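Reviewing the structure listed below.
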Amino acid sequence: MTVIPAPSGVRRGLIAHLPGEIEPLAPESVPLTGVRIDVQAQGVASAVTVTQRYVNLEKVPVEAVYSFPLEEQAAVCGFEALVGEQRIVGEVMEKDKAFDEYDEALADGNGAYLLDQDRPNVFTASIGNLLPGQQAVVTVKYVARLERLGDQVRLKIPTTVAPRYIPEEQLRHMDPSEFDHLNPSTVPGGVPYGLALSVSFTGASVVTAVECPSHPVRVSTSGESAKVELSGPDVQLDQDVVLTFTMEDAGATALYATQDDAGDTILMLDVLPPRDVKRGPVEAVFVIDRSGSMMGSSIDQARAALLLALGTLQPGDRFNVIGFGSTVDRLFPQSVAYDDTALAEARSAVGRWDADLGGTAILRPLREVLEAPAGDLPRRLLVLTDGEVANEEACFEVARRHPEATVFTIGVGYGASDHLVRGLARAGRGQAEFVHPGERIEAALMRQMARLTTVGLLEPIIDWGGLQPDLVAPAQLPPLYPGTPLTVFARVPAARRAPGEGDRSAAAGSARPVQVTLTATGPDGETRLTAAADLGRAAADEAVPRLFAREAIRDLEEGRGAVVGGGSRQRDRQEARVKDTIVSLATRYALMSSYTSFVAVEKRDAGEASDLPPAELRRIPVALLKDWHGTSAWPRILAKRAAMPAVSRRDLSIPVWRLARTKSSMECAFMEDAESMDIESLAFSLTSPAVRFKRDDTGSAELVAFMGRQRADGSWRLDSTTFARVGVPEAKLTAVAVKLRTALAADDDAVATVLAIYLLERQFSRMDVRWRLAADKAEAWLAARGLPGGLGAVRSVLDEAMAWWTPVSFGG
Amino acid sequence: MGKETDMDTAPTPDRLYSIGELAELTGVSRRTVRFYVQRRLIDAPLGRGRGSHYDQRHVEQIRRVRALQRQGVPLSDMAADGLAQAALRPGAAAGPPDVQPVVRVRIDQNVTVEVAQAAATPELVAALVVAARSVVDGSRSRPEAGRSESEEKEEP
C-alpha cells in the first residue's frame, strides 16, 4: 500500500512547515493528474477557469482533498464537476450546511464535491468518493479585477500554497481542518501533476509589449490583443505566473454601468488620478522581513531595494529601519533625523543583513512601530515581506487601529501571499506592490517611495450624480495617490433611482445619462475627476456585479465600517450580523466567501453505492514554493509529471521572456536558459530581422556603488575614486572641475553634483527609473544653493568639457 | 470554534450519538469530527454509511485531543502516537505526554531516520538521508531501487 506523505509537522510555533515526514511519493496515490488555467482578460476584468483533473488509480474509493491558491482578488463564482457524461453543478451554501450536505452524500455512497475558502487566497476542493478507475474533471471559475499600473496591466496567478508561519497561540486554538488546509504536505523537487496555462488578453489600446518574468512563454500579439501560453509540457506549480501587458495608452477615468440579475444597477468607477507629486517631510519606517522564508532571492531583493529607498529620502525626513523574524532588530531605538551619519550607518548595517531571524512574526514589529508615539511628521511605513503567515487578521487589525500612520507594502519572492500584502496595505490605507524575483524591484519601489513621501494625502469623496446607492464598496475610500488607479463600486436599487425618474420599464431603452464626480481635497486645493455613463444602456454583465459583491464582502470580512467596542454579547451580535450580511450577499451573487462554500452532489445507484468500503482520504501534496529556504538541501523526491494537454503542439515551443513592439521593429528577448531559439517559427511575423537579446543586468552593481556615494542632502563630493569608476580619471576630473567651477561660480560639491547627474544620464540612462528620485533630490540641493538651473544651465559647458568621454562598458 | 459543553451535562455512558450530536456535545464542528476520524486522532464511528454513530468513548477522545492541542502538542504527533486514544485505555498514565518534536524521514518500509527537531537543519537531515540511502541501497540489490534511479534521470 502506498502512502502519501503525512502532514508535515508543525513544531510548536516555529516555522510551521519543516517537512516532518517524508516518504517516497507514489504517483498512483495522488489522484490529481493535472491543472489547467485559462484566463480571458478584457476590459476591466479577467474571467478565469481553473480545471483540475482527478483520476482514481487505486483499488479502493478515495476522497481527494486539494488545497490550492487563487488570486486574492478572485470572486469565485462557479464550481462544477464533469463525471463521465454527467455535469454536476455546485451551489453556494452557508459553509457548515454545505459540509453537512457533502458529508451526508458520502455517507450514502454518493459522489460529492465541495469547495471551501480557507483564506481569500487559499481554497480547498474535496472530491468525495471517487470510485476505482473513475475520473472527475473539476472546474473552478472566478472573475478578478485587472490590476493597472500606469500603461501596464499586471497578472499574478499563484500556483502553490507556501509553508507559512503560525504563531504558537493561534496554533493552540485553530480549527484543525483549517490548519490542515493552510499547510498541505509539500513535496520538494516536484509533484506528479503539472500546469498548463493560457491567457488571452484584449487591452483598450494597442499592446506594445508582453513580459513574463516568471516562466518561458509563447507569445503572439495582434493590435489590442495578445495570447500567451506557458512553454513546455510539464510546468511545476511552484511559483506565481506573472505577466505584464504594456499598452500604448494608460487610459483615463471611466464609469461603467451594468445590471445584476435582479435588475439593480451596478456602477464601477475607475479613477486615474493625475501624476503630480508634492513631496514633503515624512517619518519613513522601513519594516523588512528577515525570516528564514526570505532566504535566497527574496532577501537579496529586499537589501537592494532598501539601499535605493534610503537614497531617496531628504534632509528634514526622519527614518528608521526594522528587521524582523522571530526577533525584532531595530537600527535605531526610534526614528532619527536623516543626515550623513545616520545614512552611512544604515547603509552599512543593511549591507550586512541576512535572512537569519527565524519565523515570520510580523505582528510584533508592526505593533512596536505603530504604537510608538508619533512625532510631528506623518508616519509612513514600507513593509517588505513574503507574507507567509496565518495571522493576517491580527496584522490588519493593528494597522486599522492606527489611522495616523499609512502602510505601504511590497510582496517579494516566488509566491508572496497577496492576502497579507494587499490586506495590510488596505488596512493601512496605503498601496501594495509585488515583485517577482525575475523582475527588477526598482520600478515598484520608486512608485512606493513617491506615494510614501507625498504630503497632504487627498481624501476622496464621490458624488454619484443624484443617484442613491444602497451599498458602496469599498465603504471607506483610501487616499488618492498620484497616478495610482482607484476602483469604486456602487449598487443603485431599481426602485431607488433619482426622484422623478419614473419606473424601470418606462425608462428602459431611453438614454439616462449620469455623471459621477470624485472630489479629493488636499492642503493645496481640490482635485476633481468626472466620468459619465448612460444608465439606459446598462446591460447585464458577468463580471462587474460579482466584483462589486466581492469587494463588499471583503469590506465586511476585514471589519471595515463595523461598530467597534461594546460588551462581548454585543460583539457576538455584531459578528452574527456581519455573517448574515456576507451569506446573503454571497448567495445572491453566487460567490464564495469565508462563510459560504460551493457543494455539488452526484446521485449514484443504490447498488453501486452500498457495496464499497468508505472512501480513503488522499490529501494532495503540493509543490514546495521555489527557492523556499532549505529546498535545495532536501532530498529530491521525484515522480513522473503529467500536465493536462495544452492546445496543439504543432508549433515549436519558443521560450520568450519579453516581446515588445517598437515603431520600427519587433524586439524579442529569450529566457537565459532557453534551449531552442528557432526564430523562423516564432508565432508572429517580425517586421525587422533584428532580434535583440535583452535582459541585461550589466552596470547594475556599478550604479548601486555610484549611488552609494550620494550624501543625505543629495550632493556628491569631488572624490577621484568615485568618478574614476565611471570613466573619468583623476587628471581629466581636475580639468573638467576647473571649467565647471568657473561656469557655475560654485564650490567643489556643486561641481561634483552637477557632474554626477550628467554621468547618471549618460552612463546609466537605461536604468533611469532607479536613480530618478535621487537625481531630483540632487537638483533640489543645487537649487537651494542658488544654482536653480542645475545641470541644465551648464549642459553645453559639460558637453564640451566631456567630449572625450564615452560610456564605460561594464563587465563586457 | 464553539465552546465545550459543561461536563455536568454529559449524558449516560451507553448513549449513542449521530455525528451532529457528537459535534454539538463537544463544541467542535462536524467537519472537525470527520477530520479527527480521518486522521485517526479518534476511533472510527460504529457502523457504516448513514447509520454510523458514536458513543461516550468518542466524546472523551475529542476532549482529549482538544486539550492536547491547547497544550501545544502538534496533531501529527498525536496521530503518530495515538496519544488521545492511548490516554483513555485502562492503565494509561494521566497528565500531559512527554513529547519531543522530531523530524522523520522514511528511507523505505523498514528504515526511518529521526532527528530531534531542535537539531534538524535541512543540511544535517539531507546528509543523513544520503548516508542512510547508500547504506540501504548497498545492503540489498532489489530491482525497484534501480528503477527509481532511472526515473530520476528522465527529468529535464
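Residue names in the C-alpha cells use chain letters A, B, ... in the order shown, residue numbers from 1 in each chain, and ligand numbers from 1 in the order shown.
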
Compile the contact shell of Leu755 in chain A as an MDAnalysis selection string: residues with an atom at most 12 Å away, counting only C-alpha atoms, same-chain residues fewer than 2 positions apart removed.
chainID A and resid 715:719 722:723 726 728 733:734 736:737 739:741 744 748:753 757:763 775 778:779 782 790:792 794:795 797:799 801:802

Restricting the output to N, CA and C atoms, write the selected residues as a tab-separated table (two decimals), in the first residue's frame.
```
chain	number	residue	atom	x	y	z
A	715	SER	N	23.90	65.71	-2.41
A	715	SER	CA	25.11	66.11	-3.14
A	715	SER	C	26.13	64.97	-3.22
A	716	TRP	N	27.08	65.14	-4.12
A	716	TRP	CA	28.25	64.24	-4.19
A	716	TRP	C	29.48	65.04	-3.79
A	717	ARG	N	30.57	64.34	-3.40
A	717	ARG	CA	31.84	65.02	-3.16
A	717	ARG	C	32.73	64.82	-4.38
A	718	LEU	N	33.63	65.76	-4.60
A	718	LEU	CA	34.53	65.65	-5.75
A	718	LEU	C	35.63	64.65	-5.40
A	719	ASP	N	35.25	63.38	-5.44
A	719	ASP	CA	36.13	62.32	-4.99
A	719	ASP	C	36.64	61.55	-6.21
A	722	THR	N	35.41	57.83	-6.85
A	722	THR	CA	34.02	57.71	-7.29
A	722	THR	C	33.90	57.92	-8.80
A	723	PHE	N	34.53	59.00	-9.29
A	723	PHE	CA	34.36	59.35	-10.69
A	723	PHE	C	35.23	58.50	-11.61
A	726	VAL	N	33.46	55.58	-13.19
A	726	VAL	CA	32.57	55.78	-14.34
A	726	VAL	C	33.32	56.48	-15.48
A	728	VAL	N	36.04	58.61	-15.56
A	728	VAL	CA	36.66	59.94	-15.51
A	728	VAL	C	37.93	59.86	-14.64
A	733	LEU	N	39.31	64.66	-14.43
A	733	LEU	CA	38.35	65.19	-13.46
A	733	LEU	C	38.77	66.60	-13.05
A	734	THR	N	40.08	66.76	-12.79
A	734	THR	CA	40.59	68.07	-12.38
A	734	THR	C	40.31	69.10	-13.47
A	736	VAL	N	38.01	69.05	-15.91
A	736	VAL	CA	36.58	69.32	-16.04
A	736	VAL	C	36.11	70.20	-14.89
A	737	ALA	N	36.62	69.91	-13.69
A	737	ALA	CA	36.20	70.64	-12.50
A	737	ALA	C	36.56	72.12	-12.62
A	739	LYS	N	36.81	73.95	-15.32
A	739	LYS	CA	35.86	74.60	-16.24
A	739	LYS	C	34.49	74.79	-15.58
A	740	LEU	N	34.05	73.76	-14.88
A	740	LEU	CA	32.73	73.83	-14.25
A	740	LEU	C	32.68	74.86	-13.15
A	741	ARG	N	33.76	74.92	-12.38
A	741	ARG	CA	33.81	75.85	-11.26
A	741	ARG	C	33.63	77.28	-11.77
A	744	LEU	N	29.94	77.70	-13.16
A	744	LEU	CA	28.91	77.72	-12.12
A	744	LEU	C	29.16	78.77	-11.06
A	748	ASP	N	33.38	72.89	-4.95
A	748	ASP	CA	33.60	71.53	-5.44
A	748	ASP	C	32.38	70.63	-5.31
A	749	ASP	N	31.64	70.78	-4.21
A	749	ASP	CA	30.47	69.92	-4.02
A	749	ASP	C	29.45	70.13	-5.14
A	750	ALA	N	29.23	71.39	-5.47
A	750	ALA	CA	28.27	71.69	-6.54
A	750	ALA	C	28.78	71.14	-7.87
A	751	VAL	N	30.08	71.30	-8.10
A	751	VAL	CA	30.69	70.79	-9.33
A	751	VAL	C	30.50	69.28	-9.41
A	752	ALA	N	30.80	68.61	-8.31
A	752	ALA	CA	30.69	67.14	-8.29
A	752	ALA	C	29.24	66.70	-8.51
A	753	THR	N	28.32	67.44	-7.94
A	753	THR	CA	26.91	67.06	-8.03
A	753	THR	C	26.38	67.22	-9.46
A	757	ILE	N	25.08	64.06	-11.89
A	757	ILE	CA	23.79	63.96	-12.59
A	757	ILE	C	24.04	63.74	-14.09
A	758	TYR	N	25.01	64.47	-14.61
A	758	TYR	CA	25.37	64.34	-16.02
A	758	TYR	C	25.77	62.89	-16.35
A	759	LEU	N	26.57	62.32	-15.48
A	759	LEU	CA	27.04	60.94	-15.72
A	759	LEU	C	25.91	59.92	-15.55
A	760	LEU	N	25.02	60.19	-14.60
A	760	LEU	CA	23.87	59.29	-14.44
A	760	LEU	C	23.08	59.24	-15.74
A	761	GLU	N	22.85	60.43	-16.31
A	761	GLU	CA	22.05	60.49	-17.52
A	761	GLU	C	22.73	59.80	-18.69
A	762	ARG	N	24.06	59.96	-18.77
A	762	ARG	CA	24.73	59.40	-19.95
A	762	ARG	C	25.17	57.95	-19.75
A	763	GLN	N	25.69	57.63	-18.59
A	763	GLN	CA	26.17	56.26	-18.37
A	763	GLN	C	25.02	55.30	-18.04
A	775	ALA	N	18.20	61.82	-8.30
A	775	ALA	CA	18.66	62.94	-9.10
A	775	ALA	C	17.80	64.18	-8.84
A	778	ALA	N	19.13	65.75	-5.88
A	778	ALA	CA	20.37	66.47	-6.17
A	778	ALA	C	20.05	67.83	-6.81
A	779	GLU	N	19.10	67.83	-7.75
A	779	GLU	CA	18.71	69.10	-8.40
A	779	GLU	C	18.14	70.08	-7.36
A	782	LEU	N	20.94	71.63	-5.49
A	782	LEU	CA	21.60	72.67	-6.29
A	782	LEU	C	20.77	73.95	-6.28
A	790	GLY	N	20.51	74.01	-12.26
A	790	GLY	CA	21.15	72.72	-12.08
A	790	GLY	C	22.00	72.36	-13.27
A	791	LEU	N	21.89	71.14	-13.68
A	791	LEU	CA	22.66	70.64	-14.80
A	791	LEU	C	22.30	71.39	-16.09
A	792	GLY	N	21.01	71.68	-16.24
A	792	GLY	CA	20.53	72.30	-17.48
A	792	GLY	C	21.30	73.57	-17.83
A	794	VAL	N	24.34	74.38	-17.35
A	794	VAL	CA	25.75	74.25	-17.79
A	794	VAL	C	25.96	73.06	-18.70
A	795	ARG	N	24.85	72.55	-19.26
A	795	ARG	CA	24.97	71.33	-20.07
A	795	ARG	C	25.94	71.53	-21.25
A	797	VAL	N	28.48	73.54	-21.48
A	797	VAL	CA	29.86	73.55	-20.97
A	797	VAL	C	30.34	72.12	-20.75
A	798	LEU	N	29.46	71.32	-20.13
A	798	LEU	CA	29.83	69.94	-19.83
A	798	LEU	C	30.02	69.11	-21.10
A	799	ASP	N	29.09	69.30	-22.04
A	799	ASP	CA	29.21	68.54	-23.29
A	799	ASP	C	30.59	68.79	-23.92
A	801	ALA	N	33.37	69.99	-22.31
A	801	ALA	CA	34.46	69.53	-21.45
A	801	ALA	C	34.58	68.01	-21.42
A	802	MET	N	33.45	67.33	-21.67
A	802	MET	CA	33.44	65.87	-21.58
A	802	MET	C	33.42	65.22	-22.97
```

Non-local contacts of Leu480 in chain A (9 Å; only C-alpha atoms; under 4 positions in same chain excluded) as a list in words:
Pro273, Leu457, Leu458, Glu459, Pro460, Thr484, Pro485, Leu486 and Ala520 of chain A

Would you mind exporting C-alpha atoms of the selected residues as a compact mmCIF listing (two decimals), in the first residue's frame?
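Below you can see selection_23.txt, which holds the result:
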```txt
# COMPACT_ATOMS: atom_id res chain seq x y z
CA PRO A 273 -5.63 60.44 -10.66
CA LEU A 457 -2.98 62.96 1.12
CA LEU A 458 -6.07 63.55 -0.95
CA GLU A 459 -9.18 62.23 0.75
CA PRO A 460 -11.73 61.49 -1.95
CA THR A 484 -2.46 55.15 -8.92
CA PRO A 485 -5.83 53.82 -10.10
CA LEU A 486 -8.70 53.51 -7.64
CA ALA A 520 -10.33 64.94 -3.40
```

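If you measure from each of A:Val219, A:Val62, A:Ile266, A:Val516 to Val544 in chain A using only C-alpha atoms, the closest one turns out to be A:Ile266.
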
When distances are computed from only C-alpha atoms, which of B:Arg64, B:Arg50, B:Arg133, B:Arg57 shows the smallest separation from chain A?
B:Arg50

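Considering the residues A:Asp38, A:Glu602, A:Asp555, A:Asp116 and counting only C-alpha atoms, chain B has its shortest atom-to-atom contact with A:Asp116.
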
Measuring between only C-alpha atoms, which one of A:Leu70, A:Leu197, A:Ile127, A:Leu171 shows the shortest distance to chain B?
A:Leu171

Every residue of range 74-158 of chain A that DSSP places in strand (DSSP E or B), as an mmCIF file with N, CA and C atoms, in the first residue's frame:
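Contents of out.cif, as written:
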```cif
data_model
loop_
_atom_site.group_PDB
_atom_site.id
_atom_site.type_symbol
_atom_site.label_atom_id
_atom_site.label_comp_id
_atom_site.auth_asym_id
_atom_site.auth_seq_id
_atom_site.Cartn_x
_atom_site.Cartn_y
_atom_site.Cartn_z
ATOM 1 N N ALA A 75 -13.223 36.655 -7.356
ATOM 2 C CA ALA A 75 -14.608 36.475 -6.930
ATOM 3 C C ALA A 75 -15.017 35.122 -7.509
ATOM 4 N N VAL A 76 -14.963 34.089 -6.666
ATOM 5 C CA VAL A 76 -15.196 32.728 -7.157
ATOM 6 C C VAL A 76 -16.691 32.525 -7.349
ATOM 7 N N CYS A 77 -17.071 32.234 -8.582
ATOM 8 C CA CYS A 77 -18.495 32.256 -8.906
ATOM 9 C C CYS A 77 -18.961 30.986 -9.609
ATOM 10 N N GLY A 78 -18.129 29.964 -9.666
ATOM 11 C CA GLY A 78 -18.581 28.740 -10.313
ATOM 12 C C GLY A 78 -17.739 27.553 -9.882
ATOM 13 N N PHE A 79 -18.415 26.406 -9.696
ATOM 14 C CA PHE A 79 -17.718 25.177 -9.290
ATOM 15 C C PHE A 79 -18.532 24.031 -9.840
ATOM 16 N N GLU A 80 -17.938 23.231 -10.687
ATOM 17 C CA GLU A 80 -18.689 22.078 -11.177
ATOM 18 C C GLU A 80 -17.765 20.915 -11.482
ATOM 19 N N ALA A 81 -18.381 19.735 -11.580
ATOM 20 C CA ALA A 81 -17.614 18.529 -11.847
ATOM 21 C C ALA A 81 -18.214 17.836 -13.064
ATOM 22 N N LEU A 82 -17.333 17.332 -13.909
ATOM 23 C CA LEU A 82 -17.772 16.555 -15.048
ATOM 24 C C LEU A 82 -17.326 15.113 -14.792
ATOM 25 N N VAL A 83 -18.316 14.247 -14.577
ATOM 26 C CA VAL A 83 -18.002 12.841 -14.284
ATOM 27 C C VAL A 83 -18.628 12.021 -15.404
ATOM 28 N N GLN A 86 -21.850 13.145 -17.150
ATOM 29 C CA GLN A 86 -22.706 13.898 -16.229
ATOM 30 C C GLN A 86 -22.024 15.167 -15.728
ATOM 31 N N ARG A 87 -22.743 16.284 -15.836
ATOM 32 C CA ARG A 87 -22.210 17.545 -15.339
ATOM 33 C C ARG A 87 -22.918 17.884 -14.032
ATOM 34 N N ILE A 88 -22.147 18.026 -12.970
ATOM 35 C CA ILE A 88 -22.747 18.291 -11.657
ATOM 36 C C ILE A 88 -22.362 19.695 -11.238
ATOM 37 N N VAL A 89 -23.370 20.557 -11.099
ATOM 38 C CA VAL A 89 -23.118 21.976 -10.879
ATOM 39 C C VAL A 89 -23.238 22.318 -9.392
ATOM 40 N N GLU A 91 -23.555 24.526 -5.874
ATOM 41 C CA GLU A 91 -24.475 25.550 -5.397
ATOM 42 C C GLU A 91 -23.826 26.221 -4.185
ATOM 43 N N VAL A 92 -24.059 27.531 -4.027
ATOM 44 C CA VAL A 92 -23.489 28.243 -2.888
ATOM 45 C C VAL A 92 -24.376 28.048 -1.664
ATOM 46 N N MET A 93 -23.730 27.718 -0.542
ATOM 47 C CA MET A 93 -24.479 27.475 0.683
ATOM 48 C C MET A 93 -23.651 27.944 1.882
ATOM 49 N N GLU A 94 -24.301 28.196 2.979
ATOM 50 C CA GLU A 94 -23.580 28.523 4.197
ATOM 51 C C GLU A 94 -22.588 27.379 4.458
ATOM 52 N N GLY A 111 -21.454 10.414 -4.915
ATOM 53 C CA GLY A 111 -20.290 11.254 -5.173
ATOM 54 C C GLY A 111 -20.608 12.650 -4.670
ATOM 55 N N ALA A 112 -19.589 13.374 -4.168
ATOM 56 C CA ALA A 112 -19.855 14.727 -3.673
ATOM 57 C C ALA A 112 -18.621 15.590 -3.884
ATOM 58 N N TYR A 113 -18.877 16.869 -4.112
ATOM 59 C CA TYR A 113 -17.816 17.808 -4.457
ATOM 60 C C TYR A 113 -18.006 19.062 -3.627
ATOM 61 N N LEU A 114 -16.939 19.497 -2.954
ATOM 62 C CA LEU A 114 -17.054 20.620 -2.029
ATOM 63 C C LEU A 114 -15.902 21.581 -2.271
ATOM 64 N N LEU A 115 -16.203 22.877 -2.276
ATOM 65 C CA LEU A 115 -15.143 23.883 -2.393
ATOM 66 C C LEU A 115 -15.268 24.859 -1.234
ATOM 67 N N ASP A 116 -14.200 24.952 -0.430
ATOM 68 C CA ASP A 116 -14.183 25.839 0.739
ATOM 69 C C ASP A 116 -13.162 26.955 0.536
ATOM 70 N N GLN A 117 -13.463 28.101 1.137
ATOM 71 C CA GLN A 117 -12.478 29.188 1.173
ATOM 72 C C GLN A 117 -11.844 29.202 2.554
ATOM 73 N N ASP A 118 -10.528 28.983 2.613
ATOM 74 C CA ASP A 118 -9.836 28.997 3.897
ATOM 75 C C ASP A 118 -9.269 30.377 4.187
ATOM 76 N N ARG A 119 -8.855 31.042 3.138
ATOM 77 C CA ARG A 119 -8.436 32.426 3.158
ATOM 78 C C ARG A 119 -8.903 32.989 1.825
ATOM 79 N N VAL A 122 -6.680 31.192 -0.410
ATOM 80 C CA VAL A 122 -6.444 29.756 -0.269
ATOM 81 C C VAL A 122 -7.786 29.017 -0.264
ATOM 82 N N PHE A 123 -7.923 28.054 -1.160
ATOM 83 C CA PHE A 123 -9.174 27.323 -1.312
ATOM 84 C C PHE A 123 -8.893 25.829 -1.230
ATOM 85 N N THR A 124 -9.907 25.063 -0.801
ATOM 86 C CA THR A 124 -9.729 23.620 -0.723
ATOM 87 C C THR A 124 -10.888 22.919 -1.425
ATOM 88 N N ALA A 125 -10.535 22.068 -2.378
ATOM 89 C CA ALA A 125 -11.544 21.270 -3.080
ATOM 90 C C ALA A 125 -11.521 19.863 -2.498
ATOM 91 N N SER A 126 -12.714 19.333 -2.135
ATOM 92 C CA SER A 126 -12.811 17.948 -1.676
ATOM 93 C C SER A 126 -13.605 17.173 -2.719
ATOM 94 N N ILE A 127 -12.975 16.148 -3.240
ATOM 95 C CA ILE A 127 -13.581 15.352 -4.294
ATOM 96 C C ILE A 127 -13.924 14.020 -3.658
ATOM 97 N N GLY A 128 -15.180 13.901 -3.220
ATOM 98 C CA GLY A 128 -15.532 12.777 -2.370
ATOM 99 C C GLY A 128 -15.950 11.538 -3.126
ATOM 100 N N ASN A 129 -15.448 10.415 -2.637
ATOM 101 C CA ASN A 129 -15.924 9.135 -3.138
ATOM 102 C C ASN A 129 -15.661 8.919 -4.620
ATOM 103 N N LEU A 130 -14.421 9.106 -5.006
ATOM 104 C CA LEU A 130 -14.012 8.816 -6.373
ATOM 105 C C LEU A 130 -13.799 7.308 -6.451
ATOM 106 N N GLN A 135 -12.932 9.001 -13.208
ATOM 107 C CA GLN A 135 -12.294 10.281 -13.467
ATOM 108 C C GLN A 135 -13.296 11.409 -13.235
ATOM 109 N N ALA A 136 -12.821 12.482 -12.643
ATOM 110 C CA ALA A 136 -13.672 13.667 -12.463
ATOM 111 C C ALA A 136 -12.884 14.894 -12.890
ATOM 112 N N VAL A 137 -13.480 15.684 -13.760
ATOM 113 C CA VAL A 137 -12.842 16.942 -14.154
ATOM 114 C C VAL A 137 -13.588 18.062 -13.449
ATOM 115 N N VAL A 138 -12.873 18.745 -12.571
ATOM 116 C CA VAL A 138 -13.495 19.758 -11.725
ATOM 117 C C VAL A 138 -13.077 21.141 -12.215
ATOM 118 N N THR A 139 -14.032 22.049 -12.372
ATOM 119 C CA THR A 139 -13.667 23.406 -12.762
ATOM 120 C C THR A 139 -14.091 24.415 -11.702
ATOM 121 N N VAL A 140 -13.207 25.366 -11.479
ATOM 122 C CA VAL A 140 -13.478 26.486 -10.571
ATOM 123 C C VAL A 140 -13.418 27.732 -11.433
ATOM 124 N N LYS A 141 -14.458 28.553 -11.358
ATOM 125 C CA LYS A 141 -14.473 29.774 -12.179
ATOM 126 C C LYS A 141 -14.446 30.996 -11.286
ATOM 127 N N TYR A 142 -13.681 31.993 -11.707
ATOM 128 C CA TYR A 142 -13.729 33.250 -10.974
ATOM 129 C C TYR A 142 -13.516 34.438 -11.898
ATOM 130 N N VAL A 143 -13.935 35.608 -11.411
ATOM 131 C CA VAL A 143 -13.601 36.844 -12.104
ATOM 132 C C VAL A 143 -12.745 37.681 -11.161
ATOM 133 N N ALA A 144 -11.852 38.465 -11.731
ATOM 134 C CA ALA A 144 -10.992 39.319 -10.914
ATOM 135 C C ALA A 144 -10.760 40.631 -11.649
ATOM 136 N N ARG A 145 -10.622 41.666 -10.863
ATOM 137 C CA ARG A 145 -10.336 42.966 -11.448
ATOM 138 C C ARG A 145 -8.917 42.956 -12.003
ATOM 139 N N GLU A 147 -5.367 44.435 -12.643
ATOM 140 C CA GLU A 147 -4.567 45.406 -11.909
ATOM 141 C C GLU A 147 -3.807 46.296 -12.889
ATOM 142 N N ARG A 148 -4.098 47.594 -12.832
ATOM 143 C CA ARG A 148 -3.431 48.521 -13.734
ATOM 144 C C ARG A 148 -2.303 49.251 -13.030
ATOM 145 N N LEU A 149 -1.182 49.414 -13.731
ATOM 146 C CA LEU A 149 -0.066 50.200 -13.215
ATOM 147 C C LEU A 149 0.346 51.122 -14.344
ATOM 148 N N GLN A 152 0.414 49.782 -17.883
ATOM 149 C CA GLN A 152 0.543 48.326 -17.837
ATOM 150 C C GLN A 152 -0.625 47.662 -17.118
ATOM 151 N N VAL A 153 -0.900 46.434 -17.538
ATOM 152 C CA VAL A 153 -1.808 45.585 -16.788
ATOM 153 C C VAL A 153 -0.980 44.411 -16.300
ATOM 154 N N ARG A 154 -1.133 44.080 -15.025
ATOM 155 C CA ARG A 154 -0.310 43.022 -14.464
ATOM 156 C C ARG A 154 -1.178 41.883 -13.973
ATOM 157 N N LEU A 155 -0.811 40.675 -14.365
ATOM 158 C CA LEU A 155 -1.493 39.470 -13.887
ATOM 159 C C LEU A 155 -0.526 38.711 -12.994
ATOM 160 N N LYS A 156 -1.042 38.251 -11.849
ATOM 161 C CA LYS A 156 -0.197 37.452 -10.956
ATOM 162 C C LYS A 156 -1.041 36.266 -10.529
ATOM 163 N N ILE A 157 -0.702 35.102 -11.027
ATOM 164 C CA ILE A 157 -1.510 33.922 -10.742
ATOM 165 C C ILE A 157 -0.705 32.964 -9.876
#
```

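The protein and nucleic acid residues lying at most 9 Å from Phe408 in chain A are Arg380, Leu381, Leu382, Val383, Leu384, Val421, Leu424, Ala425, Arg426, Gly428, Arg429, Gly430, Gln431, Ala432, Glu433, Gln448, Arg451 and Leu452 of chain A, with only C-alpha atoms considered and sequence neighbours fewer than 6 positions away removed.
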
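When CA of Asn320 in chain A is paired with CA of Ala756 in chain A, their separation reads 27.2 Å.
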